[in-house]
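**Q** My structure is in entry11.txt, and what it holds is compact mmCIF, C-alpha atoms:
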# COMPACT_ATOMS: atom_id res chain seq x y z
CA HIS A 1 -42.70 17.60 -60.96
CA VAL A 2 -44.85 15.10 -62.90
CA PRO A 3 -43.45 13.94 -66.21
CA GLN A 4 -45.80 13.54 -69.10
CA GLN A 5 -46.81 10.14 -70.43
CA LEU A 6 -44.68 8.70 -73.15
CA PRO A 7 -46.07 8.71 -76.71
CA GLU A 8 -47.33 5.45 -78.06
CA GLU A 9 -44.42 5.06 -80.44
CA THR A 10 -41.96 5.53 -77.59
CA LYS A 11 -43.66 2.83 -75.58
CA GLU A 12 -43.28 0.45 -78.46
CA ASP A 13 -39.59 1.26 -78.83
CA THR A 14 -38.96 0.78 -75.15
CA PRO A 15 -41.30 -1.96 -73.98
CA SER A 16 -39.02 -2.85 -71.06
CA LYS A 17 -38.99 0.69 -69.63
CA ALA A 18 -41.17 1.26 -66.61
CA VAL A 19 -43.78 3.96 -66.91
CA PRO A 20 -43.58 6.54 -64.10
CA PRO A 21 -46.62 6.81 -61.83
CA THR A 22 -48.82 9.83 -62.11
CA MET A 23 -50.65 11.93 -59.56
CA SER A 24 -54.06 11.54 -61.12
CA LYS A 25 -55.86 11.70 -57.80
CA GLY A 26 -53.62 14.41 -56.40
CA THR A 27 -53.31 12.67 -53.05
CA ASP A 28 -50.28 12.70 -50.76
CA GLU A 29 -49.77 8.99 -51.43
CA ASP A 30 -49.64 9.54 -55.20
CA GLU A 31 -47.24 12.44 -54.78
CA ARG A 32 -44.97 10.39 -52.52
CA GLU A 33 -44.98 7.48 -55.00
CA THR A 34 -44.09 9.79 -57.87
CA LEU A 35 -41.23 11.44 -55.97
CA GLN A 36 -39.82 8.09 -54.88
CA TYR A 37 -39.86 6.90 -58.46
CA HIS A 38 -38.01 9.90 -59.84
CA LEU A 39 -35.43 9.61 -57.08
CA SER A 40 -34.78 5.99 -57.97
CA PHE A 41 -32.48 4.66 -60.67
CA SER A 42 -35.45 3.80 -62.92
CA GLY A 43 -36.73 7.35 -62.80
CA PHE A 44 -33.32 8.77 -63.59
CA GLU A 45 -32.96 6.38 -66.54
CA PHE A 46 -36.42 7.29 -67.82
CA LEU A 47 -35.71 11.02 -67.79
CA SER A 48 -32.27 10.64 -69.35
CA THR A 49 -33.77 8.82 -72.35
CA ASN A 50 -36.54 11.40 -72.82
CA PRO A 51 -34.89 14.84 -73.17
CA THR A 52 -38.10 16.28 -74.63
CA ILE A 53 -40.01 15.69 -71.41
CA VAL A 54 -37.16 17.16 -69.33
CA GLU A 55 -37.08 20.29 -71.49
CA GLN A 56 -40.85 20.70 -71.29
CA ASP A 57 -40.78 20.36 -67.53
CA ARG A 58 -37.89 22.83 -67.28
CA GLU A 59 -39.80 25.49 -69.18
CA LYS A 60 -42.99 24.79 -67.28
CA PHE A 61 -41.58 24.90 -63.76
CA THR A 62 -38.86 27.51 -64.19
CA ASP A 63 -41.42 30.29 -64.38
CA LYS A 64 -43.18 28.97 -61.30
CA ILE A 65 -39.95 28.76 -59.32
CA ILE A 66 -39.02 32.30 -60.29
CA SER A 67 -42.45 33.56 -59.26
CA LEU A 68 -41.99 32.03 -55.83
CA GLU A 69 -38.55 33.54 -55.25
CA ILE A 70 -38.43 36.27 -52.62
CA PRO A 71 -35.64 38.83 -52.13
CA VAL A 72 -34.56 38.23 -48.52
CA GLY A 73 -33.26 41.52 -47.18
CA ASP A 74 -34.55 41.70 -43.62
CA SER A 75 -36.31 39.66 -40.97
CA SER A 76 -39.77 40.33 -42.32
CA SER A 77 -38.99 38.89 -45.76
CA VAL A 78 -37.55 35.78 -44.14
CA LEU A 79 -40.75 35.33 -42.19
CA ARG A 80 -42.82 35.85 -45.29
CA ALA A 81 -40.82 33.15 -47.06
CA GLY A 82 -41.50 30.75 -44.21
CA ALA A 83 -45.19 31.54 -44.15
CA GLY A 84 -45.84 29.80 -47.50
CA GLY A 85 -48.55 30.68 -50.01
CA GLU A 86 -48.75 31.01 -53.74
CA HIS A 87 -47.03 34.40 -53.92
CA MET A 88 -45.51 35.96 -50.84
CA ALA A 89 -46.97 39.32 -51.65
CA GLY A 90 -48.49 40.27 -48.35
CA GLY A 91 -46.81 41.68 -45.24
CA ALA A 92 -47.93 42.07 -41.70
CA ALA A 93 -50.91 44.16 -40.78
CA GLY A 94 -50.15 47.68 -41.82
CA ALA A 95 -46.89 46.69 -43.53
CA PRO A 96 -46.31 46.61 -47.29
CA GLY A 97 -45.86 43.29 -49.05
CA ILE A 98 -43.19 42.19 -51.51
CA GLY A 99 -44.08 40.95 -54.94
CA PRO A 100 -42.48 38.15 -57.00
CA ASN A 101 -39.89 40.50 -58.47
CA GLY A 102 -39.12 42.36 -55.27
CA GLU A 103 -41.58 45.23 -55.77
CA LYS A 104 -43.46 46.53 -52.77
CA ASN A 105 -47.23 46.51 -52.55
CA SER A 106 -49.89 46.91 -49.94
CA ALA A 107 -52.57 44.70 -51.41
CA GLY A 108 -52.33 41.70 -49.16
CA VAL A 109 -51.37 40.33 -45.77
CA MET A 110 -50.34 36.84 -44.79
CA MET A 111 -52.79 34.87 -42.71
CA GLY A 112 -52.99 31.15 -42.09
CA GLY A 113 -50.16 30.43 -44.46
CA GLY A 114 -52.09 31.90 -47.42
CA ILE A 115 -52.87 35.29 -48.87
CA VAL A 116 -55.51 37.76 -47.78
CA THR A 117 -56.38 40.30 -50.44
CA THR A 118 -58.06 43.27 -48.84
CA SER A 119 -60.64 45.50 -50.37
CA GLY A 120 -62.13 48.07 -48.03
CA ASN A 121 -63.32 46.26 -44.92
CA THR A 122 -63.64 42.85 -46.60
CA ALA A 123 -61.03 40.14 -46.98
CA ASP A 124 -60.80 37.03 -49.08
CA THR A 125 -58.67 34.37 -47.51
CA LYS A 126 -56.88 31.60 -49.30
CA ASN A 127 -55.53 29.15 -46.74
CA ASP A 128 -53.33 26.29 -47.92
CA GLY A 129 -52.96 24.76 -44.44
CA LYS A 130 -49.36 25.77 -43.86
CA ARG A 131 -47.92 27.29 -40.70
CA ASP A 132 -49.22 30.71 -39.72
CA PHE A 133 -46.54 33.35 -39.19
CA ALA A 134 -48.98 36.25 -39.39
CA ARG A 135 -48.73 37.05 -35.68
CA VAL A 136 -44.96 37.06 -35.85
CA LEU A 137 -45.07 39.51 -38.73
CA GLU A 138 -47.46 41.71 -36.80
CA LEU A 139 -45.12 41.82 -33.82
CA TYR A 140 -42.21 42.63 -36.10
CA ALA A 141 -44.13 45.48 -37.73
CA GLU A 142 -45.07 46.85 -34.31
CA MET A 143 -41.47 46.72 -33.18
CA ILE A 144 -40.31 48.63 -36.27
CA LYS A 145 -43.02 51.23 -35.71
CA VAL A 146 -41.99 51.74 -32.07
CA GLU A 147 -38.34 52.14 -33.01
CA GLU A 148 -39.15 54.70 -35.67
CA MET A 149 -41.31 56.67 -33.25
CA ALA A 150 -38.55 56.59 -30.65
CA LYS A 151 -36.03 57.91 -33.17
CA ARG A 152 -38.34 60.73 -34.23
CA GLY A 153 -39.16 61.59 -30.65
CA GLY A 154 -35.49 61.52 -29.59
CA SER A 155 -34.36 63.79 -32.40
CA SER A 156 -37.10 66.33 -31.75
CA HIS A 157 -36.33 66.19 -28.03
CA HIS A 158 -32.68 67.08 -28.61
CA ARG A 159 -33.67 69.84 -31.02
CA SER A 160 -35.89 71.36 -28.36
CA GLY A 161 -32.99 71.44 -25.90
CA GLY A 162 -34.35 68.86 -23.48
CA SER A 163 -32.28 66.50 -21.37
CA SER A 164 -32.10 62.73 -21.59
CA GLY A 165 -35.02 62.63 -19.12
CA GLY A 166 -36.99 59.44 -18.86
CA ASN A 167 -36.12 57.80 -22.17
CA GLY A 168 -33.77 55.48 -20.28
CA LYS A 169 -30.71 56.44 -22.32
CA ARG A 170 -27.51 57.73 -20.80
CA PRO A 171 -26.12 61.08 -21.93
CA PRO A 172 -23.23 60.93 -24.40
CA PRO A 173 -19.74 60.62 -22.89
CA PRO A 174 -17.65 63.78 -22.54
CA PRO A 175 -15.10 64.50 -25.24
CA PRO A 176 -11.51 63.31 -24.73
CA GLY A 177 -9.37 65.69 -22.74
CA SER A 178 -12.21 67.09 -20.64
CA ASP A 179 -11.85 67.21 -16.87
CA SER A 180 -15.13 65.40 -16.15
CA LYS A 181 -13.22 62.28 -15.11
CA ARG A 182 -11.03 64.21 -12.74
CA ARG A 183 -13.83 66.20 -11.16
CA ARG A 184 -17.16 64.64 -10.56
CA PRO A 185 -19.93 66.80 -9.17
CA THR A 186 -21.19 65.96 -5.71
CA PRO A 187 -24.91 65.34 -5.09
CA THR A 188 -25.29 69.02 -4.20
CA GLY A 189 -23.74 70.08 -7.49
CA SER A 190 -20.42 71.28 -6.09
CA THR A 191 -17.04 69.95 -7.24
CA PRO A 192 -14.91 68.22 -4.58
CA SER A 193 -11.51 69.80 -4.07
CA LYS A 194 -8.22 68.18 -3.21
CA PRO A 195 -7.44 67.79 0.50
CA LYS A 196 -5.84 70.90 1.87
CA ILE A 197 -2.33 70.82 3.28
CA THR A 198 -2.35 71.71 6.98
CA GLY A 199 1.38 71.54 7.60
CA LYS A 200 4.83 71.64 6.08
CA PRO A 201 6.35 68.56 4.42
CA ILE A 202 8.58 66.77 6.93
CA ILE A 203 12.05 65.25 6.56
CA VAL A 204 13.00 62.88 9.39
CA VAL A 205 16.71 62.53 10.23
CA PRO A 206 18.33 60.03 12.62
CA ASN A 207 18.51 60.84 16.32
CA ALA A 208 21.98 59.40 16.77
CA MET A 209 25.39 61.05 17.27
CA THR A 210 27.04 58.53 14.93
CA SER A 211 24.88 59.54 11.98
CA PRO A 212 26.54 61.90 9.46
CA ILE A 213 23.33 63.97 9.14
CA THR A 214 21.40 65.09 12.25
CA VAL A 215 19.33 68.09 13.26
CA LEU A 216 22.61 69.90 14.11
CA ASN A 217 23.89 70.03 10.51
CA ALA A 218 20.72 69.28 8.51
CA ILE A 219 20.22 72.87 7.31
CA ASP A 220 23.80 73.05 6.03
CA PHE A 221 23.33 69.96 3.95
CA PHE A 222 19.71 70.12 2.74
CA LYS A 223 19.71 73.85 2.08
CA ASP A 224 23.35 74.78 1.30
CA ALA A 225 24.61 71.45 -0.14
CA THR A 226 27.47 71.35 2.34
CA TYR A 227 28.35 68.63 4.83
CA VAL A 228 29.47 70.03 8.19
CA PRO A 229 30.77 67.40 10.62
CA ARG A 230 29.07 67.26 14.00
CA ASP A 231 31.99 68.59 16.04
CA ILE A 232 32.50 71.56 13.75
CA ALA A 233 28.78 72.37 13.80
CA ILE A 234 28.83 72.45 17.62
CA LYS A 235 31.88 74.75 17.60
CA LYS A 236 29.92 77.09 15.31
CA GLY A 237 27.15 77.31 17.90
CA ALA A 238 24.67 74.70 16.64
CA ARG A 239 22.36 73.43 19.37
CA LYS A 240 19.99 70.49 19.56
CA VAL A 241 16.42 71.66 18.87
CA PRO A 242 13.14 69.74 18.30
CA SER A 243 12.89 70.90 14.70
CA VAL A 244 14.31 73.27 12.12
CA THR A 245 12.76 74.71 8.96
CA PHE A 246 14.05 76.07 5.68
CA LYS A 247 12.69 77.13 2.31
CA ARG A 248 13.54 75.66 -1.05
CA ARG A 249 12.30 76.34 -4.57
CA MET A 250 11.27 73.47 -6.80
CA PRO A 251 12.99 73.16 -10.19
CA SER A 252 11.19 74.87 -13.06
CA ARG A 253 10.28 71.51 -14.65
CA MET A 254 8.13 70.84 -11.56
CA GLY A 255 6.50 74.26 -11.41
CA GLY A 256 9.19 76.31 -9.67
CA HIS A 257 7.10 76.78 -6.51
CA GLU A 258 8.75 77.49 -3.18
CA TYR A 259 8.13 75.19 -0.24
CA GLU A 260 9.03 75.33 3.43
CA TYR A 261 10.29 72.03 4.81
CA GLU A 262 10.45 70.94 8.44
CA ILE A 263 13.24 68.70 9.75
CA ILE A 264 12.70 66.61 12.89
CA ASP A 265 14.46 63.65 14.54
CA ASN A 266 11.78 62.40 16.98
CA PRO A 267 8.44 61.94 15.23
CA ILE A 268 6.94 60.05 18.19
CA THR A 269 6.77 63.22 20.28
CA ARG A 270 6.33 65.72 17.46
CA LEU A 271 3.56 64.05 15.45
CA LYS A 272 0.22 63.68 17.23
CA SER A 273 -2.29 62.68 14.57
CA SER A 274 -2.50 60.60 11.43
CA ALA A 275 -2.56 63.82 9.42
CA ASP A 276 0.79 64.78 10.98
CA TRP A 277 2.32 61.41 10.09
CA SER A 278 1.08 61.79 6.52
CA ARG A 279 3.20 64.95 6.20
CA ILE A 280 6.41 62.87 6.24
CA VAL A 281 7.87 62.94 2.75
CA ALA A 282 11.43 61.69 3.39
CA VAL A 283 13.22 59.56 5.97
CA ILE A 284 17.02 59.54 6.29
CA ALA A 285 17.93 55.99 7.33
CA GLN A 286 20.47 55.51 10.08
CA GLY A 287 21.00 51.88 9.15
CA ALA A 288 19.29 49.93 11.98
CA PRO A 289 15.62 48.91 12.40
CA TRP A 290 15.49 50.26 15.98
CA GLN A 291 15.38 53.77 14.46
CA PHE A 292 11.65 53.20 13.75
CA LYS A 293 10.70 51.75 17.15
CA GLY A 294 7.48 53.34 18.44
CA TRP A 295 6.62 54.96 15.12
CA LYS A 296 3.09 54.78 13.77
CA TYR A 297 4.53 52.50 11.08
CA SER A 298 7.46 50.73 12.67
CA ALA A 299 8.29 48.17 9.97
CA PRO A 300 10.91 49.44 7.51
CA VAL A 301 8.87 48.15 4.58
CA ASP A 302 5.97 50.36 5.71
CA VAL A 303 8.16 53.35 6.48
CA PHE A 304 9.83 53.40 3.08
CA GLY A 305 6.62 52.45 1.32
CA ARG A 306 5.01 55.66 2.61
CA SER A 307 7.98 58.02 2.25
CA PHE A 308 11.12 58.58 0.21
CA GLY A 309 14.01 56.64 1.76
CA PHE A 310 17.61 57.88 1.62
CA TYR A 311 20.74 56.62 3.35
CA VAL A 312 23.75 58.90 3.92
CA GLY A 313 27.05 57.27 4.87
CA MET A 314 30.73 58.05 4.75
CA ASP A 315 32.57 56.65 1.75
CA ASP A 316 35.10 54.84 3.95
CA SER A 317 32.42 53.07 6.05
CA PRO A 318 30.75 49.77 5.17
CA LEU A 319 27.13 49.78 4.12
CA PRO A 320 24.83 48.36 6.84
CA LYS A 321 23.40 44.99 5.92
CA ASP A 322 19.79 46.02 6.63
CA VAL A 323 20.03 48.97 4.26
CA THR A 324 20.63 46.64 1.32
CA THR A 325 17.14 45.15 1.84
CA TRP A 326 15.31 48.47 2.22
CA ASN A 327 13.72 50.63 -0.46
CA VAL A 328 16.22 53.47 -0.09
CA LYS A 329 18.70 55.32 -2.28
CA ILE A 330 22.35 55.44 -1.25
CA GLY A 331 24.38 58.63 -0.82
CA ARG A 332 28.04 58.91 0.17
CA LEU A 333 30.03 61.73 1.78
CA ASN A 334 33.79 62.27 1.85
CA ARG A 335 35.44 63.48 5.05
CA ASP A 336 37.70 65.94 3.28
CA ARG A 337 36.52 66.64 -0.26
CA ARG A 338 33.62 69.07 0.11
CA GLY A 339 33.23 69.40 -3.63
CA LEU A 340 31.59 65.97 -3.68
CA ASP A 341 28.85 67.01 -1.26
CA ASN A 342 26.85 68.50 -4.10
CA VAL A 343 26.56 65.07 -5.79
CA THR A 344 24.80 63.51 -2.80
CA PHE A 345 22.77 66.69 -2.33
CA ALA A 346 21.52 66.50 -5.94
CA ASN A 347 20.77 62.76 -5.68
CA PHE A 348 18.60 63.37 -2.63
CA TRP A 349 16.55 66.22 -4.04
CA ASN A 350 16.11 64.71 -7.48
CA GLY A 351 14.77 61.54 -5.88
CA LEU A 352 12.50 63.37 -3.42
CA ASP A 353 11.07 65.71 -6.04
CA GLN A 354 10.23 62.79 -8.29
CA TRP A 355 8.70 60.79 -5.42
CA MET A 356 6.54 63.70 -4.28
CA SER A 357 5.30 64.33 -7.82
CA VAL A 358 3.82 60.81 -7.77
CA HIS A 359 2.90 60.12 -4.14
CA LYS A 360 2.33 63.59 -2.67
CA LYS A 361 0.61 65.48 -5.45
CA GLU A 362 -1.41 67.47 -2.93
CA TYR A 363 1.73 69.45 -2.11
CA PHE A 364 1.90 70.71 -5.69
CA PRO A 365 -0.35 73.77 -6.07
CA THR A 366 -2.73 73.83 -9.02
CA ASP A 367 -3.73 76.78 -11.17
CA GLU A 368 -6.76 77.31 -8.91
CA THR A 369 -4.64 77.74 -5.74
Show me this structure written as structure tokens.
**A**
Amino acid sequence: HVPQQLPEETKEDTPSKAVPPTMSKGTDEDERETLQYHLSFSGFEFLSTNPTIVEQDREKFTDKIISLEIPVGDSSSVLRAGAGGEHMAGGAAGAPGIGPNGEKNSAGVMMGGGIVTTSGNTADTKNDGKRDFARVLELYAEMIKVEEMAKRGGSSHHRSGGSSGGNGKRPPPPPPGSDSKRRRPTPTGSTPSKPKITGKPIIVVPNAMTSPITVLNAIDFFKDATYVPRDIAIKKGARKVPSVTFKRRMPSRMGGHEYEYEIIDNPITRLKSSADWSRIVAVIAQGAPWQFKGWKYSAPVDVFGRSFGFYVGMDDSPLPKDVTTWNVKIGRLNRDRRGLDNVTFANFWNGLDQWMSVHKKEYFPTDET
């Protein structure tokens, strides 16, 4: 601001005080000189000793500052503030302006850093030489218009029952708990089903006379929870056969369905395809790696990674060293106390049921089957 000249009596009282320069010509050089003076110590001292001038300037320029204030609430008002002009009243083409006190009007648009007041098809332009943000405001107004049209079009489209179509937006996600994640339609519109079971679940037992459990006494143990020694089983008429089958009902907590299991001791000759090998659900370990020689998966880590591993030994026999490094559960049998057979029996089936519920879910029928 430009302070007023001191009265004559003040000049006489303060002959040593420097008189501030004025902007009589209104040039940039005069304005710069005046600003530099008021920012200097001399200018500060001059104003501090003339409170009347300061008060007059305050009243004079406060109104002007207030008139130039703009409520900044969105991007367009920020751009209007940067565009300059006496009063930022105009908006972009077709957009309302904002007055000094925040009121909206449609009387003017910003162009060339000034104000264009429109009247019909004519326009009076006041250009103060500042930067032109008019094009930016126009683009902003166009963007707002497109967004509003898209919203109106989208809402009417949904009301008419149309699909997402070509608006580029994805349909809303399904509600939680729906089965859309579990069943995705195929390109033809059908829902893929789980792979069908083509054979019975298989339990592989050792093919060795020294093993407590073989094909000879497997039914007695896995079905009736009773351990029958080999020699007694032979006396009862048991004969070596390629495979035996039996039925067992799952516990009610797992659905209570009945399954038919197949027990074999030589998978190399019995299983011909990969689908057959995938039917193996449990392997009874004999205790030596040679048991798996020639198998499709001959490494113990692979065997017990693809099936439930269980070792059955006599309680008076040492545990084989290899078994301690395998992923198998341990079961013990007593030579005389048959009442303890049920403990090992329960350990085996509890473990197998749990393993199948995680790794062989296809064996569990669904409500659709």
**Q** With only C-alpha atoms as the counted atoms, please give the residues lying no more than 10 Å from region 347-354 of chain A, apart from itself and same-chain residues fewer than 4 positions off, as a list in words.
**A**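 Surrounding residues, per the criterion: Phe222, Met250, Pro251, Met254, Val281, Ala282, Ile284, Ser307, Phe308, Gly309, Phe310, Tyr311, Val312, Lys329, Ile330, Gly331, Asn342, Val343, Val358, His359 and Lys360 of chain A.
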**Q** Quick one: distance from CA of Tyr297 (chain A) to CA of Trp277 (chain A) in Å, one decimal?
**A**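 Calculated distance between CA of Tyr297 (chain A) and CA of Trp277 (chain A) is 9.2 Å.
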**Q** Could you state the separation of CA of Tyr363 (chain A) and CA of Gly294 (chain A) in Å, given to one decimal place?
**A** 26.7 Å
**Q** To one decimal place in Å, what is the distance between CA of His257 (chain A) and CA of Thr226 (chain A)?
**A**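 Result for CA of His257 (chain A) versus CA of Thr226 (chain A): 22.9 Å, one decimal.
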**Q** Using all atoms listed in the file, which residues sit within 7 Å of Pro201 (chain A) once same-chain residues fewer than 4 positions away are excluded, as a list in words?
**A**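 That gives Tyr261, Glu262, Arg279, Ile280 and Val281 of chain A.
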**Q** Would you pick out the contacts of region 242-248 of chain A at 7 Å or less, using all atoms listed in the file, so that residues sharing its chain but fewer than 5 positions from it are not included, and give the list as JSON, numbers by chain?
**A** {"A": [258, 259, 260, 261, 262, 263, 264]}
**Q** What lies within 7 Å of Leu216 (chain A) using only C-alpha atoms, ignoring chain neighbours under 5 positions off, as a list in words?
**A**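 The filter keeps Arg230, Ala233, Ala238, Arg239 and Lys240 of chain A.
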